[in-house]
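Colleague: One file is attached below, my_file.tsv, containing TSV, C-alpha atoms and all ligand atoms.
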chain	number	residue	atom	x	y	z
A	1	MET	CA	103.18	-20.41	127.06
A	2	THR	CA	101.62	-17.79	129.37
A	3	ASN	CA	97.96	-18.32	130.32
A	4	ILE	CA	95.77	-15.24	130.80
A	5	VAL	CA	92.00	-15.13	131.21
A	6	LEU	CA	90.05	-12.84	128.91
A	7	ALA	CA	88.03	-10.13	130.66
A	8	THR	CA	86.22	-8.97	127.52
A	9	ALA	CA	82.75	-10.27	126.74
A	10	ASN	CA	83.02	-8.93	123.16
A	11	ALA	CA	83.67	-11.87	120.78
A	12	HIS	CA	85.03	-9.62	118.01
A	13	LYS	CA	87.65	-8.15	120.31
A	14	ALA	CA	88.51	-11.61	121.67
A	15	GLU	CA	89.13	-12.89	118.14
A	16	GLU	CA	91.49	-9.99	117.34
A	17	MET	CA	93.28	-10.43	120.69
A	18	ARG	CA	93.83	-14.16	120.09
A	19	ALA	CA	95.11	-13.58	116.54
A	20	VAL	CA	97.87	-11.26	117.81
A	21	LEU	CA	98.78	-12.88	121.15
A	22	GLU	CA	98.67	-16.65	120.46
A	23	PRO	CA	101.55	-16.53	117.92
A	24	LEU	CA	103.55	-14.58	120.55
A	25	GLY	CA	103.13	-17.40	123.07
A	26	ILE	CA	100.28	-15.91	125.13
A	27	HIS	CA	97.29	-18.22	125.47
A	28	LEU	CA	93.94	-16.57	126.21
A	29	LEU	CA	91.51	-18.55	128.36
A	30	ALA	CA	87.81	-17.95	127.66
A	31	ARG	CA	85.94	-15.59	129.99
A	32	PRO	CA	84.03	-17.88	132.42
A	33	ASP	CA	80.26	-17.63	131.92
A	34	ASP	CA	79.58	-17.55	135.65
A	35	VAL	CA	81.43	-14.26	136.24
A	36	ALA	CA	78.93	-11.39	136.14
A	37	GLU	CA	79.40	-8.59	133.60
A	38	VAL	CA	81.45	-5.73	135.04
A	39	ASP	CA	79.75	-2.31	134.99
A	40	GLU	CA	82.00	0.27	133.31
A	41	THR	CA	81.58	2.97	135.94
A	42	GLU	CA	84.87	4.83	135.38
A	43	SER	CA	85.21	7.93	133.18
A	44	THR	CA	88.46	6.88	131.46
A	45	LEU	CA	89.45	3.94	129.25
A	46	GLU	CA	92.26	2.97	131.64
A	47	GLY	CA	89.90	3.12	134.62
A	48	ASN	CA	87.41	0.77	132.95
A	49	ALA	CA	90.09	-1.59	131.58
A	50	LEU	CA	91.63	-1.92	135.06
A	51	LEU	CA	88.19	-2.46	136.60
A	52	LYS	CA	87.45	-5.35	134.19
A	53	ALA	CA	90.92	-6.94	134.51
A	54	HIS	CA	90.91	-6.86	138.33
A	55	ALA	CA	87.37	-8.28	138.53
A	56	LEU	CA	88.36	-11.30	136.41
A	57	ALA	CA	91.71	-11.82	138.16
A	58	ARG	CA	89.93	-11.80	141.53
A	59	ALA	CA	87.13	-14.10	140.38
A	60	THR	CA	89.40	-16.68	138.70
A	61	GLY	CA	92.69	-16.51	140.61
A	62	THR	CA	94.42	-16.22	137.21
A	63	PRO	CA	96.05	-13.18	135.56
A	64	ALA	CA	93.43	-11.39	133.44
A	65	ILE	CA	93.55	-9.12	130.38
A	66	ALA	CA	90.96	-6.45	129.54
A	67	ASP	CA	90.43	-4.10	126.60
A	68	ASP	CA	88.60	-0.79	126.74
A	69	THR	CA	88.31	1.14	123.50
A	70	GLY	CA	86.80	4.41	122.34
A	71	LEU	CA	86.42	6.43	119.15
A	72	PHE	CA	87.25	10.12	119.72
A	73	VAL	CA	85.96	12.49	116.99
A	74	ASP	CA	87.38	16.04	116.65
A	75	ALA	CA	84.14	17.72	115.49
A	76	LEU	CA	82.29	16.19	118.46
A	77	ASP	CA	84.82	17.33	121.09
A	78	GLY	CA	86.04	13.76	121.55
A	79	ALA	CA	82.63	12.00	121.63
A	80	PRO	CA	81.63	9.20	121.66
A	81	GLY	CA	84.94	8.43	123.47
A	82	VAL	CA	84.59	6.32	126.59
A	83	TYR	CA	80.86	5.94	125.81
A	84	SER	CA	81.37	4.44	122.33
A	85	ALA	CA	79.52	1.18	123.12
A	86	ARG	CA	76.35	3.03	124.21
A	87	TYR	CA	76.51	6.15	122.01
A	88	ALA	CA	72.95	5.67	120.68
A	89	GLY	CA	71.70	4.58	124.11
A	90	GLU	CA	71.87	1.61	126.48
A	91	GLY	CA	71.74	-1.65	124.50
A	92	ALA	CA	72.43	0.11	121.16
A	93	SER	CA	73.62	-2.08	118.26
A	94	TYR	CA	76.77	-1.34	116.24
A	95	ASP	CA	74.49	-0.15	113.45
A	96	ASP	CA	72.54	2.22	115.75
A	97	ASN	CA	75.81	3.76	116.94
A	98	VAL	CA	77.16	4.22	113.40
A	99	GLU	CA	73.84	5.75	112.29
A	100	LYS	CA	73.97	8.25	115.16
A	101	LEU	CA	77.60	9.13	114.38
A	102	LEU	CA	76.88	9.73	110.67
A	103	GLY	CA	73.88	11.85	111.65
A	104	GLU	CA	75.89	13.99	114.07
A	105	LEU	CA	78.53	14.57	111.36
A	106	ARG	CA	76.10	15.39	108.52
A	107	GLY	CA	77.36	18.54	106.82
A	108	VAL	CA	80.75	18.40	108.60
A	109	ALA	CA	83.63	18.56	106.09
A	110	ARG	CA	86.91	16.63	106.05
A	111	PRO	CA	89.40	18.19	108.48
A	112	ALA	CA	86.82	18.24	111.25
A	113	ARG	CA	85.94	14.59	110.56
A	114	GLY	CA	89.35	13.69	112.02
A	115	ALA	CA	89.16	10.97	114.67
A	116	ARG	CA	91.20	8.40	116.54
A	117	PHE	CA	90.64	5.02	118.11
A	118	ARG	CA	92.27	4.56	121.50
A	119	THR	CA	92.57	1.12	123.05
A	120	VAL	CA	93.78	0.59	126.59
A	121	ILE	CA	94.73	-2.97	127.48
A	122	ALA	CA	95.09	-3.72	131.19
A	123	VAL	CA	96.60	-6.81	132.77
A	124	ALA	CA	95.83	-7.58	136.42
A	125	TYR	CA	97.18	-10.31	138.70
A	126	PRO	CA	95.47	-12.13	141.59
A	127	THR	CA	98.03	-10.41	143.87
A	128	GLY	CA	96.46	-7.04	143.00
A	129	GLU	CA	99.35	-5.88	140.80
A	130	ASP	CA	98.56	-4.49	137.35
A	131	PHE	CA	99.81	-2.56	134.34
A	132	TRP	CA	98.23	-0.98	131.28
A	133	VAL	CA	99.32	0.11	127.82
A	134	GLU	CA	97.69	2.15	125.06
A	135	GLY	CA	97.45	1.88	121.27
A	136	VAL	CA	96.19	4.72	119.04
A	137	LEU	CA	95.04	4.78	115.41
A	138	GLU	CA	94.63	8.16	113.69
A	139	GLY	CA	92.12	8.61	110.87
A	140	SER	CA	88.78	10.15	109.93
A	141	VAL	CA	85.10	9.32	109.78
A	142	ALA	CA	83.80	8.41	106.29
A	143	GLU	CA	80.62	9.96	104.83
A	144	GLN	CA	79.00	6.52	104.51
A	145	ARG	CA	79.57	2.87	105.46
A	146	ARG	CA	81.96	0.79	103.35
A	147	GLY	CA	83.09	-2.83	103.83
A	148	THR	CA	81.86	-5.84	105.75
A	149	SER	CA	84.75	-7.12	107.87
A	150	GLY	CA	85.59	-6.08	111.44
A	151	PHE	CA	82.93	-4.72	113.80
A	152	GLY	CA	81.63	-1.61	115.55
A	153	TYR	CA	82.64	1.62	113.82
A	154	ASP	CA	84.99	-0.12	111.33
A	155	PRO	CA	82.74	0.54	108.27
A	156	VAL	CA	83.04	4.32	108.78
A	157	PHE	CA	86.65	4.68	109.97
A	158	ILE	CA	89.34	5.56	107.41
A	159	PRO	CA	92.84	5.09	108.86
A	160	ASP	CA	95.45	7.66	107.76
A	161	GLU	CA	97.82	4.77	106.99
A	162	ALA	CA	95.42	3.17	104.45
A	163	PRO	CA	93.46	6.22	103.25
A	164	GLU	CA	91.72	4.46	100.35
A	165	ARG	CA	89.84	2.04	102.58
A	166	THR	CA	87.77	1.86	105.74
A	167	LEU	CA	88.85	-0.58	108.47
A	168	ALA	CA	85.95	-2.83	107.35
A	169	GLU	CA	87.59	-3.10	103.92
A	170	LEU	CA	90.84	-4.46	105.41
A	171	SER	CA	91.43	-8.15	106.11
A	172	ALA	CA	91.60	-9.18	109.77
A	173	ALA	CA	95.40	-9.47	109.48
A	174	GLU	CA	95.73	-6.02	107.85
A	175	LYS	CA	93.58	-4.44	110.56
A	176	ASN	CA	95.61	-6.01	113.38
A	177	GLN	CA	98.84	-4.86	111.69
A	178	LEU	CA	97.99	-1.17	112.03
A	179	SER	CA	95.11	-0.93	114.51
A	180	HIS	CA	94.89	0.62	117.97
A	181	ARG	CA	94.23	-2.87	119.42
A	182	GLY	CA	97.03	-4.60	117.46
A	183	ARG	CA	99.51	-1.98	118.67
A	184	ALA	CA	98.42	-2.17	122.28
A	185	LEU	CA	98.56	-5.98	122.20
A	186	ARG	CA	102.13	-6.01	120.90
A	187	PHE	CA	103.12	-3.63	123.74
A	188	VAL	CA	101.49	-6.06	126.19
A	189	ALA	CA	103.38	-9.01	124.72
A	190	ASN	CA	106.66	-7.07	125.15
A	191	ARG	CA	105.86	-6.29	128.78
A	192	LEU	CA	104.93	-9.91	129.52
A	193	ALA	CA	108.15	-11.16	127.92
A	194	LYS	CA	110.31	-9.12	130.37
B	201	LIG	P1	83.88	-5.42	126.72
B	201	LIG	O1	83.59	-4.29	127.67
B	201	LIG	O2	83.24	-6.69	127.12
B	201	LIG	O3	85.34	-5.57	126.43
B	201	LIG	P2	82.49	-3.69	124.78
B	201	LIG	O4	81.96	-3.94	123.40
B	201	LIG	O5	81.53	-3.18	125.81
B	201	LIG	O6	83.21	-5.06	125.29
B	201	LIG	P3	84.00	-1.21	124.98
B	201	LIG	O7	83.36	-0.78	126.25
B	201	LIG	O8	85.47	-1.07	124.87
B	201	LIG	O9	83.71	-2.75	124.65
B	201	LIG	O10	83.22	-0.48	123.82
B	201	LIG	C1	83.80	0.09	122.78
B	201	LIG	C2	82.86	0.15	121.58
B	201	LIG	O11	83.64	0.77	120.57
B	201	LIG	C3	82.47	-1.23	121.04
B	201	LIG	O12	81.23	-1.66	121.45
B	201	LIG	C4	82.48	-0.97	119.52
B	201	LIG	O13	81.26	-0.43	119.10
B	201	LIG	C5	83.55	0.07	119.37
B	201	LIG	N1	84.86	-0.54	119.03
B	201	LIG	C6	85.78	-1.06	119.89
B	201	LIG	N2	86.85	-1.52	119.21
B	201	LIG	C7	86.59	-1.28	117.91
B	201	LIG	C8	87.30	-1.52	116.72
B	201	LIG	O14	88.47	-2.13	116.71
B	201	LIG	N3	86.74	-1.14	115.56
B	201	LIG	C9	85.54	-0.52	115.53
B	201	LIG	N4	84.80	-0.27	116.61
B	201	LIG	C10	85.32	-0.63	117.80
Spit out the file's structure as structure tokens when you get a sec.
Modeller:
Amino acid sequence: MTNIVLATANAHKAEEMRAVLEPLGIHLLARPDDVAEVDETESTLEGNALLKAHALARATGTPAIADDTGLFVDALDGAPGVYSARYAGEGASYDDNVEKLLGELRGVARPARGARFRTVIAVAYPTGEDFWVEGVLEGSVAEQRRGTSGFGYDPVFIPDEAPERTLAELSAAEKNQLSHRGRALRFVANRLAK
């Protein structure tokens, strides 16, 4: 069993990460409460994921794993992208962000509603070494919310691979099977197994 400390403070992400990695022999240690939140000051997902992973590896002396994710919408020139967590402003809720997204896309028809989730997962070691991998999920933004599972933008994201449903209408296992995060996590498990 490999032990890695979680650098994400997002409980929904942590749950998805555990569900994929634990069966593959990678045990995720909880993020210690006494480590301050890391400001995401970089302008790329990989920059922010590396920042978070290195901060936790340094603070704990244990290898650390971080996730940084964004939703990139064609009609919005890639927004909200790296700023997905604070799209509707600092401290915005998931619902505020979804509301803003639906508002920005009012009147925009299907092909331009195309979008993708990108997740970068970074692993950093107390020695300063690191690596990162990426997982992508192609799809489009729905006209209205559907479904209650998942989190964030899941109720308005329709994956191309399951075009009848939003991500929030998939079970947790179905989401991890095809999602940006599920893919990236399986790449990480492969790298760690080498
Ligand atoms: P950490 O930095 O602590 O990991 P965070 O919530 O701030 O958590 P991000 O900076 O990666 O994470 O923000 C990405 C935002 O994108 C997140 O707050 C959600 O609103 C959304 N998001 C991320 N993964 C998602 C997913 O699988 N499905 C739907 N929305 C997602």
Colleague: I'd like to know which of A:Glu138, A:Asp154, A:Glu42, A:Glu15 is closest to Asn97 in chain A, using only C-alpha atoms.
Modeller: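 Of all the options, A:Asp154 lies closest to Asn97 in chain A.
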Colleague: With all atoms listed in the file counted and 6 Å as the cut-off, give the residues of chain A in contact with ligand LIG 201 (chain B), each with its shortest interatomic distance in Å and the pair that gives it, as CSV.
Modeller:
residue,atom,partner,partner_atom,distance
A:Thr8,CA,B:LIG201,O3,3.7
A:Ala9,CA,B:LIG201,O2,3.6
A:Asn10,CA,B:LIG201,O6,4.4
A:Asp67,CA,B:LIG201,O3,5.3
A:Asp68,CA,B:LIG201,O8,3.7
A:Thr69,CA,B:LIG201,O8,3.9
A:Gly70,CA,B:LIG201,O11,5.1
A:Ser84,CA,B:LIG201,C2,4.6
A:Ala85,CA,B:LIG201,O12,3.7
A:Tyr94,CA,B:LIG201,O13,5.4
A:Phe151,CA,B:LIG201,C9,5.2
A:Gly152,CA,B:LIG201,N4,3.6
A:Tyr153,CA,B:LIG201,C9,4.0
A:Asp154,CA,B:LIG201,C9,4.3
Colleague: Using all atoms listed in the file, find the one residue out of A:Thr60, A:Gln144, A:Asn3, A:Thr119 that sits nearest to Val98 in chain A.
Modeller: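 Nearest to Val98 in chain A: A:Gln144.
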Colleague: Which is closer to Ala115 in chain A than all the others in A:Glu16, A:Glu40, A:Asp34, A:Asp77, using all atoms listed in the file?
Modeller: A:Asp77
Colleague: By how many Å are CA of Arg106 in chain A and CA of Thr166 in chain A apart?
Modeller: 18.1 Å
Colleague: Can you tell me which residues surround Ala122 in chain A at a distance of at most 9 Å, considering all atoms listed in the file, apart from same-chain residues fewer than 5 positions away, and format the answer as a list in words?
Modeller: Glu46, Ala49, Leu50, Leu51, Lys52, Ala53, His54, Ala64, Ile65, Ala66, Asp67, Asp68, Asp130, Phe131, Trp132, Val133, Glu134 and Val188 of chain A
Colleague: Please identify all polymer residues within 9 Å of Val73 in chain A, counting only C-alpha atoms, omitting same-chain residues fewer than 5 positions from it, and present them as a compact mmCIF listing (two decimals) with C-alpha atoms, keeping the file's coordinate frame.
Modeller:
# COMPACT_ATOMS: atom_id res chain seq x y z
CA GLY A 78 86.04 13.76 121.55
CA ALA A 79 82.63 12.00 121.63
CA PRO A 80 81.63 9.20 121.66
CA GLY A 81 84.94 8.43 123.47
CA ALA A 112 86.82 18.24 111.25
CA ARG A 113 85.94 14.59 110.56
CA GLY A 114 89.35 13.69 112.02
CA ALA A 115 89.16 10.97 114.67
CA ARG A 116 91.20 8.40 116.54
CA PHE A 117 90.64 5.02 118.11
CA SER A 140 88.78 10.15 109.93
CA VAL A 141 85.10 9.32 109.78
Colleague: Record the distance separating CA of Lys194 in chain A and CA of Ala172 in chain A, expressed in Å with one decimal.
Modeller: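 One can read the CA of Lys194 in chain A to CA of Ala172 in chain A distance as 27.8 Å.
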Colleague: In Å to one decimal, how far is CA of Glu143 in chain A from CA of Ala11 in chain A?
Modeller: 27.2 Å
Colleague: Ranking A:Gly47, A:Pro32, A:Gly25, A:Pro63 by minimum distance to Ala124 in chain A and counting only C-alpha atoms, which one comes first?
Modeller: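 The answer is A:Pro63, which sits nearest to Ala124 in chain A.
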Colleague: Smallest atom-to-atom distance to Arg58 in chain A: which of A:Leu102, A:Ala7, A:Ala193, A:Ala92, using all atoms listed in the file?
Modeller: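 The closest residue to Arg58 in chain A is A:Ala7.
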Colleague: Please provide as an NGL selection string all residues within 8 Å of Arg118 in chain A, with the sequence filter that same-chain residues fewer than 6 positions apart are discarded (counting all atoms listed in the file).
Modeller: :A and (69-72 or 134-137 or 180-181)
Colleague: Please check which residues have atoms at most 12 Å from (94.7, -12.5, 119.3) in the file's coordinates, counting all atoms listed in the file, and write them as number ranges by chain.
Modeller: A: 4, 6, 11-29, 65, 67, 172-173, 175-177, 181-186, 188-189
Colleague: Could you tell me which of A:Thr148, A:Ile158, A:Pro126, A:Phe187 comes closest to Ser171 in chain A if we count all atoms listed in the file?
Modeller: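 Closest to Ser171 in chain A, using all atoms listed in the file: A:Thr148.
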Colleague: Taking the block above, write range 150-166 of chain A with C-alpha atoms as a CSV table (one decimal), in the first residue's frame.
Modeller:
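Saved file out.csv follows:
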chain,number,residue,atom,x,y,z
A,150,GLY,CA,-21.9,14.7,-8.0
A,151,PHE,CA,-21.0,18.4,-7.3
A,152,GLY,CA,-20.0,21.7,-8.9
A,153,TYR,CA,-21.0,21.9,-12.6
A,154,ASP,CA,-22.2,18.3,-12.8
A,155,PRO,CA,-25.9,19.1,-13.1
A,156,VAL,CA,-25.3,21.1,-16.3
A,157,PHE,CA,-22.6,19.0,-18.0
A,158,ILE,CA,-23.6,16.4,-20.6
A,159,PRO,CA,-20.7,14.1,-21.5
A,160,ASP,CA,-20.5,13.0,-25.1
A,161,GLU,CA,-20.1,9.4,-23.9
A,162,ALA,CA,-23.5,9.4,-22.1
A,163,PRO,CA,-25.4,12.0,-24.1
A,164,GLU,CA,-28.8,11.3,-22.5
A,165,ARG,CA,-27.7,12.3,-19.0
A,166,THR,CA,-25.9,15.0,-17.1
